[in-house]
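A.B. asks: Contents of input11.cif (mmCIF, N, CA and C atoms) are below:
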data_structure
loop_
_atom_site.label_atom_id
_atom_site.label_comp_id
_atom_site.auth_asym_id
_atom_site.auth_seq_id
_atom_site.Cartn_x
_atom_site.Cartn_y
_atom_site.Cartn_z
N MET A 2 -65.19 158.62 53.72
CA MET A 2 -66.62 158.69 53.46
C MET A 2 -66.89 159.82 52.48
N ASP A 3 -67.89 159.58 51.61
CA ASP A 3 -68.25 160.64 50.68
C ASP A 3 -69.38 161.49 51.27
N ALA A 4 -69.92 162.39 50.48
CA ALA A 4 -70.96 163.31 50.95
C ALA A 4 -72.24 162.58 51.38
N ASP A 5 -72.49 161.39 50.81
CA ASP A 5 -73.68 160.60 51.16
C ASP A 5 -73.46 159.73 52.39
N GLY A 6 -72.25 159.77 52.95
CA GLY A 6 -71.94 158.93 54.11
C GLY A 6 -71.57 157.51 53.75
N VAL A 7 -71.34 157.26 52.46
CA VAL A 7 -70.97 155.93 51.99
C VAL A 7 -69.45 155.83 51.98
N PRO A 8 -68.90 154.76 52.53
CA PRO A 8 -67.43 154.63 52.54
C PRO A 8 -66.87 154.54 51.12
N ASN A 9 -65.76 155.21 50.90
CA ASN A 9 -65.05 155.10 49.63
C ASN A 9 -64.00 154.01 49.77
N TYR A 10 -64.12 152.98 48.97
CA TYR A 10 -63.16 151.89 49.00
C TYR A 10 -62.15 152.08 47.88
N VAL A 11 -60.91 151.84 48.18
CA VAL A 11 -59.84 151.94 47.19
C VAL A 11 -59.09 150.62 47.19
N TYR A 12 -58.87 150.09 46.00
CA TYR A 12 -58.19 148.81 45.87
C TYR A 12 -56.88 148.99 45.11
N SER A 13 -55.94 148.12 45.35
CA SER A 13 -54.63 148.23 44.74
C SER A 13 -54.58 147.59 43.35
N TYR A 14 -55.71 147.16 42.82
CA TYR A 14 -55.75 146.56 41.49
C TYR A 14 -56.80 147.24 40.65
N ASP A 15 -56.68 147.07 39.34
CA ASP A 15 -57.64 147.61 38.40
C ASP A 15 -57.78 146.62 37.24
N LEU A 16 -58.52 146.98 36.23
CA LEU A 16 -58.74 146.08 35.11
C LEU A 16 -57.42 145.75 34.40
N PHE A 17 -56.52 146.71 34.30
CA PHE A 17 -55.22 146.48 33.68
C PHE A 17 -54.46 145.40 34.45
N THR A 18 -54.52 145.41 35.76
CA THR A 18 -53.86 144.39 36.59
C THR A 18 -54.45 143.01 36.31
N VAL A 19 -55.76 142.94 36.25
CA VAL A 19 -56.45 141.67 36.01
C VAL A 19 -56.10 141.11 34.63
N THR A 20 -56.15 141.95 33.61
CA THR A 20 -55.81 141.46 32.27
C THR A 20 -54.34 141.10 32.17
N GLY A 21 -53.50 141.79 32.91
CA GLY A 21 -52.08 141.45 32.93
C GLY A 21 -51.84 140.05 33.46
N VAL A 22 -52.65 139.60 34.38
CA VAL A 22 -52.53 138.25 34.94
C VAL A 22 -53.18 137.22 34.02
N THR A 23 -54.30 137.57 33.40
CA THR A 23 -55.06 136.58 32.63
C THR A 23 -54.58 136.40 31.19
N VAL A 24 -53.97 137.41 30.59
CA VAL A 24 -53.50 137.27 29.21
C VAL A 24 -52.48 136.14 29.06
N PRO A 25 -51.46 136.03 29.94
CA PRO A 25 -50.53 134.90 29.80
C PRO A 25 -51.20 133.53 29.97
N LEU A 26 -52.36 133.51 30.61
CA LEU A 26 -53.09 132.25 30.79
C LEU A 26 -54.00 131.95 29.61
N ASP A 27 -53.96 132.84 28.60
CA ASP A 27 -54.77 132.72 27.39
C ASP A 27 -56.27 132.79 27.69
N ILE A 28 -56.62 133.62 28.65
CA ILE A 28 -58.03 133.88 28.96
C ILE A 28 -58.44 135.12 28.16
N SER A 29 -59.38 134.92 27.25
CA SER A 29 -59.77 136.05 26.39
C SER A 29 -60.85 136.90 27.08
N TRP A 30 -60.79 138.17 26.81
CA TRP A 30 -61.74 139.15 27.34
C TRP A 30 -62.35 139.90 26.16
N HIS A 31 -63.61 140.28 26.29
CA HIS A 31 -64.22 141.16 25.30
C HIS A 31 -63.58 142.53 25.45
N PRO A 32 -63.41 143.24 24.35
CA PRO A 32 -62.88 144.60 24.47
C PRO A 32 -63.81 145.46 25.32
N ILE A 33 -63.23 146.24 26.19
CA ILE A 33 -64.03 147.04 27.12
C ILE A 33 -64.92 148.04 26.39
N GLU A 34 -64.50 148.46 25.21
CA GLU A 34 -65.29 149.45 24.45
C GLU A 34 -66.58 148.86 23.91
N THR A 35 -66.61 147.54 23.67
CA THR A 35 -67.79 146.94 23.05
C THR A 35 -68.67 146.16 24.02
N LYS A 36 -68.04 145.43 24.94
CA LYS A 36 -68.87 144.58 25.78
C LYS A 36 -68.41 144.53 27.23
N GLY A 37 -67.29 145.10 27.51
CA GLY A 37 -66.77 145.00 28.87
C GLY A 37 -67.07 146.25 29.67
N GLN A 38 -66.53 146.28 30.86
CA GLN A 38 -66.64 147.46 31.70
C GLN A 38 -65.53 147.44 32.74
N ASP A 39 -65.07 148.61 33.05
CA ASP A 39 -64.00 148.73 34.02
C ASP A 39 -64.59 148.62 35.41
N PHE A 40 -63.73 148.50 36.42
CA PHE A 40 -64.19 148.48 37.80
C PHE A 40 -64.88 149.80 38.11
N ASN A 41 -66.08 149.72 38.60
CA ASN A 41 -66.85 150.92 38.90
C ASN A 41 -67.97 150.53 39.86
N SER A 42 -68.51 151.50 40.57
CA SER A 42 -69.61 151.19 41.48
C SER A 42 -70.95 151.11 40.75
N THR A 43 -70.99 151.58 39.50
CA THR A 43 -72.19 151.48 38.68
C THR A 43 -71.85 150.64 37.46
N VAL A 44 -72.57 149.52 37.30
CA VAL A 44 -72.30 148.61 36.18
C VAL A 44 -73.59 148.24 35.48
N SER A 45 -73.47 147.88 34.22
CA SER A 45 -74.60 147.41 33.44
C SER A 45 -74.49 145.90 33.31
N TYR A 46 -75.57 145.20 33.66
CA TYR A 46 -75.57 143.75 33.56
C TYR A 46 -77.00 143.27 33.33
N VAL A 47 -77.20 142.42 32.37
CA VAL A 47 -78.48 141.84 31.93
C VAL A 47 -79.56 142.91 31.74
N GLY A 48 -79.17 144.04 31.18
CA GLY A 48 -80.13 145.10 30.88
C GLY A 48 -80.48 146.00 32.04
N PHE A 49 -79.88 145.77 33.19
CA PHE A 49 -80.12 146.60 34.36
C PHE A 49 -78.88 147.43 34.67
N ILE A 50 -79.09 148.57 35.27
CA ILE A 50 -78.00 149.40 35.78
C ILE A 50 -77.93 149.16 37.28
N TRP A 51 -76.84 148.55 37.71
CA TRP A 51 -76.65 148.22 39.12
C TRP A 51 -75.77 149.30 39.74
N ASP A 52 -76.31 150.04 40.70
CA ASP A 52 -75.56 151.07 41.41
C ASP A 52 -75.22 150.53 42.79
N LEU A 53 -74.02 150.01 42.92
CA LEU A 53 -73.61 149.36 44.16
C LEU A 53 -73.44 150.36 45.29
N LYS A 54 -73.00 151.55 44.96
CA LYS A 54 -72.77 152.58 45.98
C LYS A 54 -74.07 152.99 46.65
N HIS A 55 -75.13 153.14 45.86
CA HIS A 55 -76.43 153.59 46.40
C HIS A 55 -77.41 152.44 46.61
N HIS A 56 -76.95 151.21 46.40
CA HIS A 56 -77.78 150.02 46.63
C HIS A 56 -79.09 150.09 45.84
N SER A 57 -78.97 150.38 44.54
CA SER A 57 -80.17 150.48 43.72
C SER A 57 -79.93 149.81 42.37
N VAL A 58 -81.02 149.50 41.71
CA VAL A 58 -80.98 148.89 40.39
C VAL A 58 -82.10 149.51 39.56
N SER A 59 -81.82 149.76 38.29
CA SER A 59 -82.82 150.35 37.41
C SER A 59 -82.69 149.74 36.03
N LEU A 60 -83.68 149.95 35.22
CA LEU A 60 -83.67 149.44 33.85
C LEU A 60 -82.90 150.43 32.98
N ALA A 61 -81.98 149.92 32.18
CA ALA A 61 -81.20 150.77 31.29
C ALA A 61 -82.13 151.45 30.28
N SER A 62 -81.82 152.67 29.90
CA SER A 62 -82.67 153.44 28.98
C SER A 62 -82.92 152.69 27.68
N LYS A 63 -81.89 152.07 27.13
CA LYS A 63 -82.03 151.33 25.88
C LYS A 63 -83.02 150.18 26.03
N LYS A 64 -82.92 149.43 27.13
CA LYS A 64 -83.84 148.33 27.40
C LYS A 64 -85.25 148.86 27.65
N CYS A 65 -85.34 149.96 28.36
CA CYS A 65 -86.65 150.55 28.65
C CYS A 65 -87.39 150.88 27.36
N LEU A 66 -86.72 151.53 26.43
CA LEU A 66 -87.35 151.87 25.15
C LEU A 66 -87.70 150.61 24.35
N LYS A 67 -86.82 149.63 24.37
CA LYS A 67 -87.07 148.37 23.65
C LYS A 67 -88.32 147.68 24.21
N TYR A 68 -88.39 147.58 25.53
CA TYR A 68 -89.52 146.91 26.17
C TYR A 68 -90.81 147.71 26.01
N LEU A 69 -90.72 149.02 26.09
CA LEU A 69 -91.90 149.86 25.91
C LEU A 69 -92.47 149.69 24.50
N THR A 70 -91.61 149.64 23.51
CA THR A 70 -92.04 149.42 22.13
C THR A 70 -92.68 148.05 21.98
N LYS A 71 -92.10 147.06 22.61
CA LYS A 71 -92.64 145.70 22.55
C LYS A 71 -94.03 145.62 23.17
N VAL A 72 -94.20 146.23 24.33
CA VAL A 72 -95.51 146.22 25.01
C VAL A 72 -96.52 147.02 24.19
N HIS A 73 -96.11 148.16 23.66
CA HIS A 73 -97.02 148.98 22.85
C HIS A 73 -97.49 148.19 21.63
N SER A 74 -96.58 147.51 20.96
CA SER A 74 -96.95 146.69 19.79
C SER A 74 -97.90 145.57 20.19
N PHE A 75 -97.65 144.96 21.33
CA PHE A 75 -98.49 143.87 21.81
C PHE A 75 -99.92 144.35 22.09
N LEU A 76 -100.04 145.55 22.66
CA LEU A 76 -101.35 146.08 23.01
C LEU A 76 -102.12 146.65 21.82
N HIS A 77 -101.41 146.96 20.76
CA HIS A 77 -102.06 147.59 19.60
C HIS A 77 -101.94 146.73 18.34
N VAL A 78 -102.26 145.47 18.48
CA VAL A 78 -102.23 144.56 17.34
C VAL A 78 -103.41 144.92 16.44
N ALA A 79 -103.12 145.11 15.13
CA ALA A 79 -104.14 145.58 14.19
C ALA A 79 -105.32 144.62 14.06
N ASN A 80 -105.05 143.33 13.93
CA ASN A 80 -106.15 142.39 13.72
C ASN A 80 -106.61 141.72 15.01
N SER A 81 -106.11 142.16 16.15
CA SER A 81 -106.50 141.66 17.47
C SER A 81 -106.27 140.16 17.64
N THR A 82 -105.35 139.59 16.88
CA THR A 82 -105.01 138.18 17.02
C THR A 82 -103.61 138.08 17.59
N ILE A 83 -103.50 137.35 18.67
CA ILE A 83 -102.21 137.18 19.33
C ILE A 83 -101.95 135.69 19.47
N CYS A 84 -100.77 135.26 19.07
CA CYS A 84 -100.44 133.85 19.19
C CYS A 84 -99.79 133.59 20.56
N GLN A 85 -99.73 132.31 20.92
CA GLN A 85 -99.18 131.92 22.21
C GLN A 85 -97.73 132.36 22.35
N GLU A 86 -96.95 132.25 21.28
CA GLU A 86 -95.54 132.63 21.33
C GLU A 86 -95.35 134.10 21.66
N GLU A 87 -96.17 134.97 21.05
CA GLU A 87 -96.09 136.41 21.34
C GLU A 87 -96.47 136.69 22.79
N CYS A 88 -97.48 135.99 23.25
CA CYS A 88 -97.93 136.16 24.63
C CYS A 88 -96.85 135.71 25.62
N MET A 89 -96.21 134.60 25.33
CA MET A 89 -95.14 134.11 26.19
C MET A 89 -93.95 135.07 26.18
N SER A 90 -93.67 135.64 25.03
CA SER A 90 -92.56 136.58 24.91
C SER A 90 -92.80 137.84 25.75
N ILE A 91 -94.01 138.37 25.67
CA ILE A 91 -94.31 139.59 26.45
C ILE A 91 -94.32 139.27 27.94
N LEU A 92 -94.77 138.08 28.30
CA LEU A 92 -94.75 137.67 29.70
C LEU A 92 -93.30 137.60 30.21
N GLY A 93 -92.41 137.01 29.42
CA GLY A 93 -91.00 136.94 29.80
C GLY A 93 -90.39 138.31 29.98
N THR A 94 -90.74 139.23 29.09
CA THR A 94 -90.24 140.61 29.19
C THR A 94 -90.73 141.26 30.48
N LEU A 95 -92.01 141.11 30.77
CA LEU A 95 -92.57 141.72 31.98
C LEU A 95 -92.02 141.07 33.24
N GLN A 96 -91.76 139.77 33.20
CA GLN A 96 -91.15 139.10 34.35
C GLN A 96 -89.74 139.62 34.57
N HIS A 97 -89.01 139.87 33.49
CA HIS A 97 -87.66 140.43 33.61
C HIS A 97 -87.70 141.80 34.30
N ILE A 98 -88.63 142.63 33.89
CA ILE A 98 -88.76 143.97 34.49
C ILE A 98 -89.19 143.86 35.95
N SER A 99 -90.09 142.92 36.25
CA SER A 99 -90.60 142.81 37.62
C SER A 99 -89.54 142.30 38.60
N PHE A 100 -88.40 141.87 38.06
CA PHE A 100 -87.28 141.50 38.94
C PHE A 100 -86.83 142.70 39.76
N ILE A 101 -86.88 143.90 39.17
CA ILE A 101 -86.49 145.10 39.90
C ILE A 101 -87.69 145.94 40.31
N TYR A 102 -88.81 145.78 39.63
CA TYR A 102 -90.01 146.54 39.96
C TYR A 102 -91.02 145.56 40.58
N LYS A 103 -90.88 145.35 41.88
CA LYS A 103 -91.65 144.30 42.58
C LYS A 103 -93.16 144.53 42.50
N GLU A 104 -93.60 145.78 42.45
CA GLU A 104 -95.03 146.05 42.39
C GLU A 104 -95.64 145.52 41.09
N GLY A 105 -94.79 145.30 40.07
CA GLY A 105 -95.27 144.78 38.79
C GLY A 105 -95.70 143.33 38.85
N HIS A 106 -95.28 142.59 39.88
CA HIS A 106 -95.66 141.18 40.01
C HIS A 106 -97.18 141.02 40.04
N SER A 107 -97.89 141.94 40.66
CA SER A 107 -99.34 141.79 40.81
C SER A 107 -100.09 141.91 39.49
N THR A 108 -99.45 142.44 38.46
CA THR A 108 -100.13 142.58 37.17
C THR A 108 -99.93 141.38 36.25
N LEU A 109 -99.08 140.45 36.63
CA LEU A 109 -98.78 139.32 35.75
C LEU A 109 -99.78 138.16 35.81
N PRO A 110 -100.46 137.86 36.93
CA PRO A 110 -101.39 136.73 36.95
C PRO A 110 -102.48 136.76 35.88
N PRO A 111 -103.09 137.91 35.55
CA PRO A 111 -104.09 137.88 34.47
C PRO A 111 -103.49 137.47 33.12
N LEU A 112 -102.25 137.89 32.85
CA LEU A 112 -101.60 137.50 31.61
C LEU A 112 -101.30 136.00 31.62
N LEU A 113 -100.90 135.48 32.76
CA LEU A 113 -100.69 134.04 32.90
C LEU A 113 -101.99 133.27 32.68
N ALA A 114 -103.08 133.78 33.23
CA ALA A 114 -104.39 133.13 33.05
C ALA A 114 -104.79 133.14 31.58
N PHE A 115 -104.56 134.26 30.90
CA PHE A 115 -104.85 134.35 29.47
C PHE A 115 -104.01 133.33 28.70
N LEU A 116 -102.76 133.22 29.05
CA LEU A 116 -101.84 132.30 28.38
C LEU A 116 -102.28 130.85 28.57
N SER A 117 -102.85 130.54 29.72
CA SER A 117 -103.29 129.16 29.98
C SER A 117 -104.51 128.77 29.15
N LYS A 118 -105.19 129.72 28.54
CA LYS A 118 -106.39 129.45 27.73
C LYS A 118 -106.05 128.95 26.33
N PHE A 119 -104.79 129.06 25.91
CA PHE A 119 -104.42 128.55 24.60
C PHE A 119 -104.54 127.02 24.62
N LEU A 120 -105.19 126.46 23.62
CA LEU A 120 -105.42 125.03 23.56
C LEU A 120 -104.14 124.25 23.26
N ASN A 121 -103.27 124.86 22.45
CA ASN A 121 -101.99 124.21 22.10
C ASN A 121 -100.99 125.28 21.70
N ASN A 122 -99.80 124.86 21.32
CA ASN A 122 -98.73 125.80 20.97
C ASN A 122 -99.00 126.55 19.67
N PHE A 123 -99.95 126.10 18.89
CA PHE A 123 -100.19 126.68 17.57
C PHE A 123 -101.49 127.49 17.51
N ALA A 124 -102.20 127.58 18.62
CA ALA A 124 -103.48 128.31 18.62
C ALA A 124 -103.25 129.81 18.53
#
Can you present the structure in this file as structure tokens?

C.D. replies:
Amino acid sequence: MDADGVPNYVYSYDLFTVTGVTVPLDISWHPIETKGQDFNSTVSYVGFIWDLKHHSVSLASKKCLKYLTKVHSFLHVANSTICQEECMSILGTLQHISFIYKEGHSTLPPLLAFLSKFLNNFA
């Protein structure tokens, strides 16, 4: 057990063991430096940081800044004209974030209602 009272698990295999088995089978892997990750209790997946040891998930800093910029741009449109595609895009972004931030679900219905007011895909 560690200082937090969480059991420390140790396994007899690692990423080198896994690639050693899969390379002869011609299973390709992304290089760990660019897109992969070694065995760890904290992993990045679909823009979230999953901390398995502490049973938590958070938005990666890079995604947070990207989404914040997107929302800021959406809210500060110079000519106050927003197309349906932009509205759907921001809704998808906010739905992605609300996967881990459950309290954010309550703010999405007004945006959905606004989106339903578009007469067609080109309005």

A.B. asks: What is the distance, in Å and to one decimal place, between atom CA of Glu34 of chain A and atom C of Lys63 of chain A?

C.D. replies: 17.8 Å

A.B. asks: Please give the complete set of residues from chain A that DSSP, run on the backbone, assigns to strand (DSSP E or B), formatted as JSON, numbers by chain.

C.D. replies: {"A": [43, 44, 45, 46, 49, 50, 51, 52, 57, 58, 59, 60]}

A.B. asks: So which residues of segment 51-119 of chain A fall under alpha helix (DSSP H) by DSSP, listed as a VMD selection string?

C.D. replies: chain A and resid 62 to 76 85 to 99 109 to 117

A.B. asks: Evaluate the PyMOL selection byres ((chain A and resi 53) around 7) against this structure - the residues, as a list of chain:residue names, please.

C.D. replies: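 When the PyMOL selection byres ((chain A and resi 53) around 7) is applied, the selected residues are A:Asn41, A:Ser42, A:Thr43, A:Val44, A:Ile50, A:Trp51, A:Asp52, A:Lys54, A:His55, A:His56, A:Ser57.
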
A.B. asks: Taking the file as shown, what set of residues would the PyMOL selection byres ((chain A and resi 75-91) around 8) give back, as a short mmCIF file (atom, residue, chain, number, x, y, z; two decimals) with N, CA and C atoms, in the frame of the given file?

C.D. replies:
data_model
loop_
_atom_site.label_atom_id
_atom_site.label_comp_id
_atom_site.auth_asym_id
_atom_site.auth_seq_id
_atom_site.Cartn_x
_atom_site.Cartn_y
_atom_site.Cartn_z
N LEU A 69 -90.72 149.02 26.09
CA LEU A 69 -91.90 149.86 25.91
C LEU A 69 -92.47 149.69 24.50
N THR A 70 -91.61 149.64 23.51
CA THR A 70 -92.04 149.42 22.13
C THR A 70 -92.68 148.05 21.98
N LYS A 71 -92.10 147.06 22.61
CA LYS A 71 -92.64 145.70 22.55
C LYS A 71 -94.03 145.62 23.17
N VAL A 72 -94.20 146.23 24.33
CA VAL A 72 -95.51 146.22 25.01
C VAL A 72 -96.52 147.02 24.19
N HIS A 73 -96.11 148.16 23.66
CA HIS A 73 -97.02 148.98 22.85
C HIS A 73 -97.49 148.19 21.63
N SER A 74 -96.58 147.51 20.96
CA SER A 74 -96.95 146.69 19.79
C SER A 74 -97.90 145.57 20.19
N LEU A 92 -94.77 138.08 28.30
CA LEU A 92 -94.75 137.67 29.70
C LEU A 92 -93.30 137.60 30.21
N GLY A 93 -92.41 137.01 29.42
CA GLY A 93 -91.00 136.94 29.80
C GLY A 93 -90.39 138.31 29.98
N THR A 94 -90.74 139.23 29.09
CA THR A 94 -90.24 140.61 29.19
C THR A 94 -90.73 141.26 30.48
N LEU A 95 -92.01 141.11 30.77
CA LEU A 95 -92.57 141.72 31.98
C LEU A 95 -92.02 141.07 33.24
N GLN A 96 -91.76 139.77 33.20
CA GLN A 96 -91.15 139.10 34.35
C GLN A 96 -89.74 139.62 34.57
N HIS A 97 -89.01 139.87 33.49
CA HIS A 97 -87.66 140.43 33.61
C HIS A 97 -87.70 141.80 34.30
N LEU A 112 -102.25 137.89 32.85
CA LEU A 112 -101.60 137.50 31.61
C LEU A 112 -101.30 136.00 31.62
N PHE A 115 -104.56 134.26 30.90
CA PHE A 115 -104.85 134.35 29.47
C PHE A 115 -104.01 133.33 28.70
N LEU A 116 -102.76 133.22 29.05
CA LEU A 116 -101.84 132.30 28.38
C LEU A 116 -102.28 130.85 28.57
N PHE A 119 -104.79 129.06 25.91
CA PHE A 119 -104.42 128.55 24.60
C PHE A 119 -104.54 127.02 24.62
N ASN A 121 -103.27 124.86 22.45
CA ASN A 121 -101.99 124.21 22.10
C ASN A 121 -100.99 125.28 21.70
N ASN A 122 -99.80 124.86 21.32
CA ASN A 122 -98.73 125.80 20.97
C ASN A 122 -99.00 126.55 19.67
N PHE A 123 -99.95 126.10 18.89
CA PHE A 123 -100.19 126.68 17.57
C PHE A 123 -101.49 127.49 17.51
N ALA A 124 -102.20 127.58 18.62
CA ALA A 124 -103.48 128.31 18.62
C ALA A 124 -103.25 129.81 18.53
#

A.B. asks: Contacts between segment 11-28 of chain A and segment 34-83 of chain A, please, where a residue of segment 34-83 of chain A counts if it comes within 8 Å (with all atoms listed in the file); show its shortest atom pair and distance in Å to one decimal, rows by chain and ascending number, as CSV.

C.D. replies:
residue,atom,partner,partner_atom,distance
A:Gln38,C,A:Leu16,CA,7.3
A:Asp39,CA,A:Leu16,CA,6.0
A:Phe40,N,A:Leu16,N,5.4

A.B. asks: Between atom C of Thr35 of chain A and atom CA of Val47 of chain A, what is the distance, to one decimal in Å?

C.D. replies: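 Atom CA of Val47 of chain A lies 13.3 Å from atom C of Thr35 of chain A.
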
A.B. asks: Which distance in Å separates atom C of Leu120 of chain A and atom N of Gly105 of chain A, to one decimal?

C.D. replies: 28.5 Å

A.B. asks: Which of these, A:Tyr102, A:Asp5, A:Trp30, A:Lys36, has the shortest distance to Ser59 of chain A once you count only N, CA and C atoms?

C.D. replies: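 Ranking A:Tyr102, A:Asp5, A:Trp30, A:Lys36 by distance to Ser59 of chain A, first place goes to A:Tyr102.
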
A.B. asks: Extending 5 Å beyond the listed atoms of segment 21-26 of chain A on each side, what axis-aligned box results? I want centre and edge lengths in Å to one decimal, as JSON.

C.D. replies:
{"center_x": -52.8, "center_y": 136.9, "center_z": 32.0, "size_x": 14.5, "size_y": 19.8, "size_z": 15.9}
